[in-house]
Structure formats: structure tokens, C-alpha cells
Amino acid sequence: MKSSRLLKYFEEYIKKIDMNNNWAKAKYFHSLKSMDMARIIANDLGIFNEEEIVIIELIALFHDIGNFENKTYNYLDYNEEDTSMKSIEILFDEGLLRKITPETKYDNLIKLGIFCHNKDGLPKNIDDKTICICNILKDVYRLEQIRMIINYPYIDNRITSYPSSLVYNDFKTFKCLNAKIADNNADNILIVLSNMFSLNYDISYSILEENDYVGKIIDSLDFEDKKIEKFFKQIEGVLKNYLRKKTINLQKQNNMV
């Protein structure tokens with residue numbers, strides 16, 4: 001099985017989706033970007049063979065296939081149905097996966113990867129390579145939460161106040177924040193940015209820095225007040241320094257190899 005085969009069946013499935021809907025378009029490019037990021041991270045780790053990398057790509061490409069027809073979905077709205085189960089249903093119960101490949105030995109891994117990609121923690125008693133694959137998909141999910149706010153704004157970028165003390169105090173500890181605690185638009189931005197604090201791999205931090213996602217998010221904000229803008233610019237500086245240290249550590253590791 002090759003990456004091109006995955007894309008063939010993905011495109012075939014998408015034909016039945018109304019792509020005039022802006023959210024469907026966003027999910028389409030999100031899926032392609034997720035596949036791309038998953039391959040980059042998996043290749044960088046250097047522990048997977050080509051067959052395993054294609055399976056990782058498959059999970060990343062199809063993880064959101066159950067969400068295309070949801071026209072009201074919002075990353076920061078946690079009241080919606082968990083569409084990872086719908087994605088699993090489409091792949092397995094509706095037979096899409098068997099069209100892609102008759103091979104069944106990766107079925108449990110595919111189900112686990114899709115189910116766990118947007119959730120905290122992992123099941124007990126899974127092997128190290130499976131843990132690694134699930135963590136790759138978690139990193140892709142976090143990176144895409146950050147990237148998509150730039151290209152497909154899914155929260156209000158008008159900043160009229162400082163973040164709430166609850167959100168800001170947790171953010172200062174470099175903690176990944178739960179969207180449920182947001183009280184205003186400034187909180188939502190910090191919650192999105194806090195995804196970087198839960199990344200698993202150095203290469204994921206490199207992706208963030210190389211694409212300047214932090215700078216692009218801050219630049220996209222519409223500030224009502226110059227003091228609030230200065231506040232967020234200071235946060236931008238702290239986060240860029242955080243990323244710089246992460247990528248310097250990666251460079252040191254590479255030089256030691």
C-alpha cells in the first residue's frame with residue numbers, strides 16, 4: 001500500500017461531500033496537512049518501516065472523515081459528538097478501509113490511533129511502538145489546532161480584554177489548557193497556543209518554529225487596546241523563546257549523532 005492509494009480513496013469519498021461549505025473545505029485541507037505532518041514526524045523518529053509510515057499516514061488522513069458533514073463543528077466546542085467514533089464507523093462498519101487494503105493486521109492500531117488522537121492519555125498495556133504512533137497523532141492534532149486558527153479562523157480574533165486570571169495563571173506554568181475554562185476571546189487564544197506545551201517530539205516544536213505559527217496567530221488578532229496588544233506581544237516573545245530552546249536542544253542531539 002502506498003500514500004497515493006490513500007489519497008485516491010480519500011478523494012473518492014470526499015466527492016459526496018458538499019465542498020461549497022467552508023467548514024468542509026477547511027477539514028479537507030486539514031486532513032491533507034495532518035497526513036503530511038504525520039509523515040514528517042514519523043520519518044524524523046527513524047523507527048518505522050515504510051509500511052508502518054503509510055499506516056500512520058492513513059490514520060492521520062482519515063481521522064476526521066466522520067466530521068465532514070458536521071456543519072457546526074468548532075474545535076473549542078466540546079459539546080459536540082465525538083466524531084472519532086464516526087470516522088471509525090465509516091472506515092470499518094461501512095467498509096471504506098477494506099476498499100483501501102484487504103490487510104487486517106493493523107486494524108486495531110488504526111482504531112486506537114483515531115480514537116486517541118484528540119484525548120488525554122493512552123490505554124494501558126500497549127507496546128512502545130504503538131504508544132509512539134499514538135503520540136505522533138496527538139502531536140499532529142495539537143499542531144493543527146494551532147495552524148487552523150491562522151488559515152481558517154474558528155474563534156473570534158477580536159481581543160477586547162486581558163485573559164482571565166484562571167487561564168493566564170495556568171498558561172504561565174506552561175500547561176496545556178482545557179477550553180472549558182475560557183471566559184473571553186483572549187482566553188481562547190491562550191488555550192489554542194497552550195497546545196504547544198503538550199507536544200511529544202522535538203520535531204513537532206521545529207514545525208511550529210519554522211512556520212512561525214505563534215507570530216502568525218498574534219499578527220492575526222484585532223486588538224481594541226494598545227496595552228492589550230503589548231501584553232500579547234510579550235507573550236509572543238516568551239513563546240518564541242520557549243520554542244527556540246526546544247529546537248536548540250534538537251540541534252544539539254543531532255550533532256551528537
# chains A, B, ... in the order shown; residues from 1 in each chain; ligands from 1
call {"tool": "closest_atom_pairs", "arguments": {"of": "stretch 58-140 of chain A", "to": "stretch 36-41 of chain A", "cutoff": "10 Å", "atoms": "only C-alpha atoms", "output": "JSON lines"}}
result
{"residue": "A:Leu58", "atom": "CA", "partner": "A:Ala38", "partner_atom": "CA", "distance": 9.4}
{"residue": "A:Ile59", "atom": "CA", "partner": "A:Ala38", "partner_atom": "CA", "distance": 9.0}
{"residue": "A:Ala60", "atom": "CA", "partner": "A:Ala38", "partner_atom": "CA", "distance": 6.5}
{"residue": "A:Leu61", "atom": "CA", "partner": "A:Asp36", "partner_atom": "CA", "distance": 8.6}
{"residue": "A:Ile133", "atom": "CA", "partner": "A:Ala38", "partner_atom": "CA", "distance": 9.2}
{"residue": "A:Ile136", "atom": "CA", "partner": "A:Ala38", "partner_atom": "CA", "distance": 6.5}
{"residue": "A:Leu137", "atom": "CA", "partner": "A:Ala38", "partner_atom": "CA", "distance": 6.7}
{"residue": "A:Lys138", "atom": "CA", "partner": "A:Ala38", "partner_atom": "CA", "distance": 9.7}
{"residue": "A:Asp139", "atom": "CA", "partner": "A:Ala38", "partner_atom": "CA", "distance": 8.4}
{"residue": "A:Val140", "atom": "CA", "partner": "A:Ala38", "partner_atom": "CA", "distance": 6.3}
call {"tool": "write_last_selection", "arguments": {"atoms": "N, CA and C atoms", "output": "short mmCIF file (atom, residue, chain, number, x, y, z; two decimals), in the first residue's frame"}}
result
data_model
loop_
_atom_site.label_atom_id
_atom_site.label_comp_id
_atom_site.auth_asym_id
_atom_site.auth_seq_id
_atom_site.Cartn_x
_atom_site.Cartn_y
_atom_site.Cartn_z
N LEU A 58 -2.34 6.94 6.97
CA LEU A 58 -3.75 6.57 6.82
C LEU A 58 -4.57 7.08 8.00
N ILE A 59 -4.07 6.85 9.19
CA ILE A 59 -4.80 7.30 10.39
C ILE A 59 -4.96 8.81 10.37
N ALA A 60 -3.87 9.51 10.03
CA ALA A 60 -3.91 10.98 10.02
C ALA A 60 -4.87 11.51 8.95
N LEU A 61 -4.87 10.88 7.78
CA LEU A 61 -5.70 11.35 6.68
C LEU A 61 -7.18 11.12 6.94
N ILE A 133 3.22 5.83 17.95
CA ILE A 133 2.31 6.18 16.85
C ILE A 133 1.16 7.05 17.36
N ILE A 136 2.41 10.51 18.00
CA ILE A 136 2.57 11.26 16.74
C ILE A 136 1.23 11.90 16.36
N LEU A 137 0.17 11.11 16.43
CA LEU A 137 -1.15 11.61 16.04
C LEU A 137 -1.65 12.68 17.00
N LYS A 138 -1.30 12.57 18.27
CA LYS A 138 -1.64 13.62 19.23
C LYS A 138 -0.90 14.91 18.90
N ASP A 139 0.36 14.79 18.51
CA ASP A 139 1.12 15.99 18.11
C ASP A 139 0.51 16.64 16.87
N VAL A 140 0.14 15.82 15.91
CA VAL A 140 -0.49 16.35 14.70
C VAL A 140 -1.78 17.09 15.06
#
call {"tool": "residues_around", "arguments": {"residues": "A:Glu229", "least_positions_apart": "5", "cutoff": "12 Å", "atoms": "only C-alpha atoms", "output": "VMD selection string"}}
result
chain A and resid 158 to 163 186 218 to 224 234 to 236
call {"tool": "write_last_selection", "arguments": {"atoms": "N, CA and C atoms", "output": "PDB file, in the first residue's frame"}}
result
ATOM      1  N   ARG A 158     -11.141  39.089  17.750  1.00  0.00           N
ATOM      2  CA  ARG A 158     -11.232  40.440  18.309  1.00  0.00           C
ATOM      3  C   ARG A 158     -10.916  40.378  19.803  1.00  0.00           C
ATOM      4  N   ILE A 159      -9.818  41.000  20.194  1.00  0.00           N
ATOM      5  CA  ILE A 159      -9.357  40.932  21.575  1.00  0.00           C
ATOM      6  C   ILE A 159      -9.659  42.259  22.256  1.00  0.00           C
ATOM      7  N   THR A 160     -10.619  42.241  23.152  1.00  0.00           N
ATOM      8  CA  THR A 160     -11.075  43.466  23.817  1.00  0.00           C
ATOM      9  C   THR A 160     -10.751  43.486  25.304  1.00  0.00           C
ATOM     10  N   SER A 161     -10.113  42.412  25.793  1.00  0.00           N
ATOM     11  CA  SER A 161      -9.801  42.350  27.221  1.00  0.00           C
ATOM     12  C   SER A 161      -8.569  41.486  27.437  1.00  0.00           C
ATOM     13  N   TYR A 162      -8.041  41.540  28.644  1.00  0.00           N
ATOM     14  CA  TYR A 162      -6.958  40.634  29.020  1.00  0.00           C
ATOM     15  C   TYR A 162      -7.548  39.248  29.289  1.00  0.00           C
ATOM     16  N   PRO A 163      -6.704  38.219  29.272  1.00  0.00           N
ATOM     17  CA  PRO A 163      -7.213  36.895  29.640  1.00  0.00           C
ATOM     18  C   PRO A 163      -7.665  36.885  31.099  1.00  0.00           C
ATOM     19  N   ALA A 186      -9.663  36.409  24.572  1.00  0.00           N
ATOM     20  CA  ALA A 186      -8.242  36.326  24.926  1.00  0.00           C
ATOM     21  C   ALA A 186      -7.922  34.963  25.527  1.00  0.00           C
ATOM     22  N   ILE A 218      -0.545  35.797  16.566  1.00  0.00           N
ATOM     23  CA  ILE A 218      -0.566  37.104  17.224  1.00  0.00           C
ATOM     24  C   ILE A 218      -0.831  38.208  16.204  1.00  0.00           C
ATOM     25  N   ASP A 219      -0.221  38.096  15.031  1.00  0.00           N
ATOM     26  CA  ASP A 219      -0.427  39.108  13.984  1.00  0.00           C
ATOM     27  C   ASP A 219      -1.863  39.120  13.470  1.00  0.00           C
ATOM     28  N   SER A 220      -2.559  37.997  13.593  1.00  0.00           N
ATOM     29  CA  SER A 220      -3.928  37.904  13.072  1.00  0.00           C
ATOM     30  C   SER A 220      -4.961  38.516  14.019  1.00  0.00           C
ATOM     31  N   LEU A 221      -4.554  38.865  15.230  1.00  0.00           N
ATOM     32  CA  LEU A 221      -5.501  39.353  16.226  1.00  0.00           C
ATOM     33  C   LEU A 221      -5.835  40.826  16.016  1.00  0.00           C
ATOM     34  N   ASP A 222      -7.058  41.160  16.328  1.00  0.00           N
ATOM     35  CA  ASP A 222      -7.548  42.535  16.201  1.00  0.00           C
ATOM     36  C   ASP A 222      -7.707  43.111  17.610  1.00  0.00           C
ATOM     37  N   PHE A 223      -6.721  43.903  18.033  1.00  0.00           N
ATOM     38  CA  PHE A 223      -6.693  44.412  19.405  1.00  0.00           C
ATOM     39  C   PHE A 223      -7.443  45.737  19.519  1.00  0.00           C
ATOM     40  N   GLU A 224      -8.265  45.825  20.537  1.00  0.00           N
ATOM     41  CA  GLU A 224      -9.007  47.055  20.791  1.00  0.00           C
ATOM     42  C   GLU A 224      -8.153  48.079  21.522  1.00  0.00           C
ATOM     43  N   GLN A 234       4.289  40.483  24.312  1.00  0.00           N
ATOM     44  CA  GLN A 234       5.204  39.935  25.308  1.00  0.00           C
ATOM     45  C   GLN A 234       5.047  38.425  25.417  1.00  0.00           C
ATOM     46  N   ILE A 235       3.805  37.955  25.346  1.00  0.00           N
ATOM     47  CA  ILE A 235       3.556  36.512  25.342  1.00  0.00           C
ATOM     48  C   ILE A 235       4.191  35.872  24.116  1.00  0.00           C
ATOM     49  N   GLU A 236       4.068  36.546  22.968  1.00  0.00           N
ATOM     50  CA  GLU A 236       4.695  36.044  21.741  1.00  0.00           C
ATOM     51  C   GLU A 236       6.191  35.864  21.938  1.00  0.00           C
TER      52      GLU A 236
END
call {"tool": "atom_distance", "arguments": {"atom1": "atom CA of A:Thr101", "atom2": "atom CA of A:Lys8"}}
result
12.2 Å
call {"tool": "closest_residue", "arguments": {"among": "A:Phe92, A:Phe68, A:Tyr205, A:Tyr213", "to": "A:Ile146", "atoms": "only C-alpha atoms"}}
result
A:Tyr213
call {"tool": "closest_residue", "arguments": {"among": "A:Thr104, A:Asn67, A:Asn184, A:Asn49", "to": "A:His30", "atoms": "only C-alpha atoms"}}
result
A:Asn67
call {"tool": "residues_around", "arguments": {"residues": "A:Phe115", "least_positions_apart": "5", "cutoff": "9 Å", "atoms": "only C-alpha atoms", "output": "MDAnalysis selection string"}}
result
chainID A and resid 63 84:85 87:88 110
call {"tool": "closest_atom_pairs", "arguments": {"of": "stretch 114-153 of chain A", "to": "stretch 171-179 of chain A", "cutoff": "12 Å", "atoms": "only C-alpha atoms", "output": "Markdown table"}}
result
| residue | atom | partner | partner_atom | distance |
| --- | --- | --- | --- | --- |
| A:Lys119 | CA | A:Asn178 | CA | 11.4 |
| A:Asp120 | CA | A:Cys176 | CA | 10.7 |
| A:Arg142 | CA | A:Cys176 | CA | 10.1 |
| A:Gln145 | CA | A:Ala179 | CA | 11.9 |
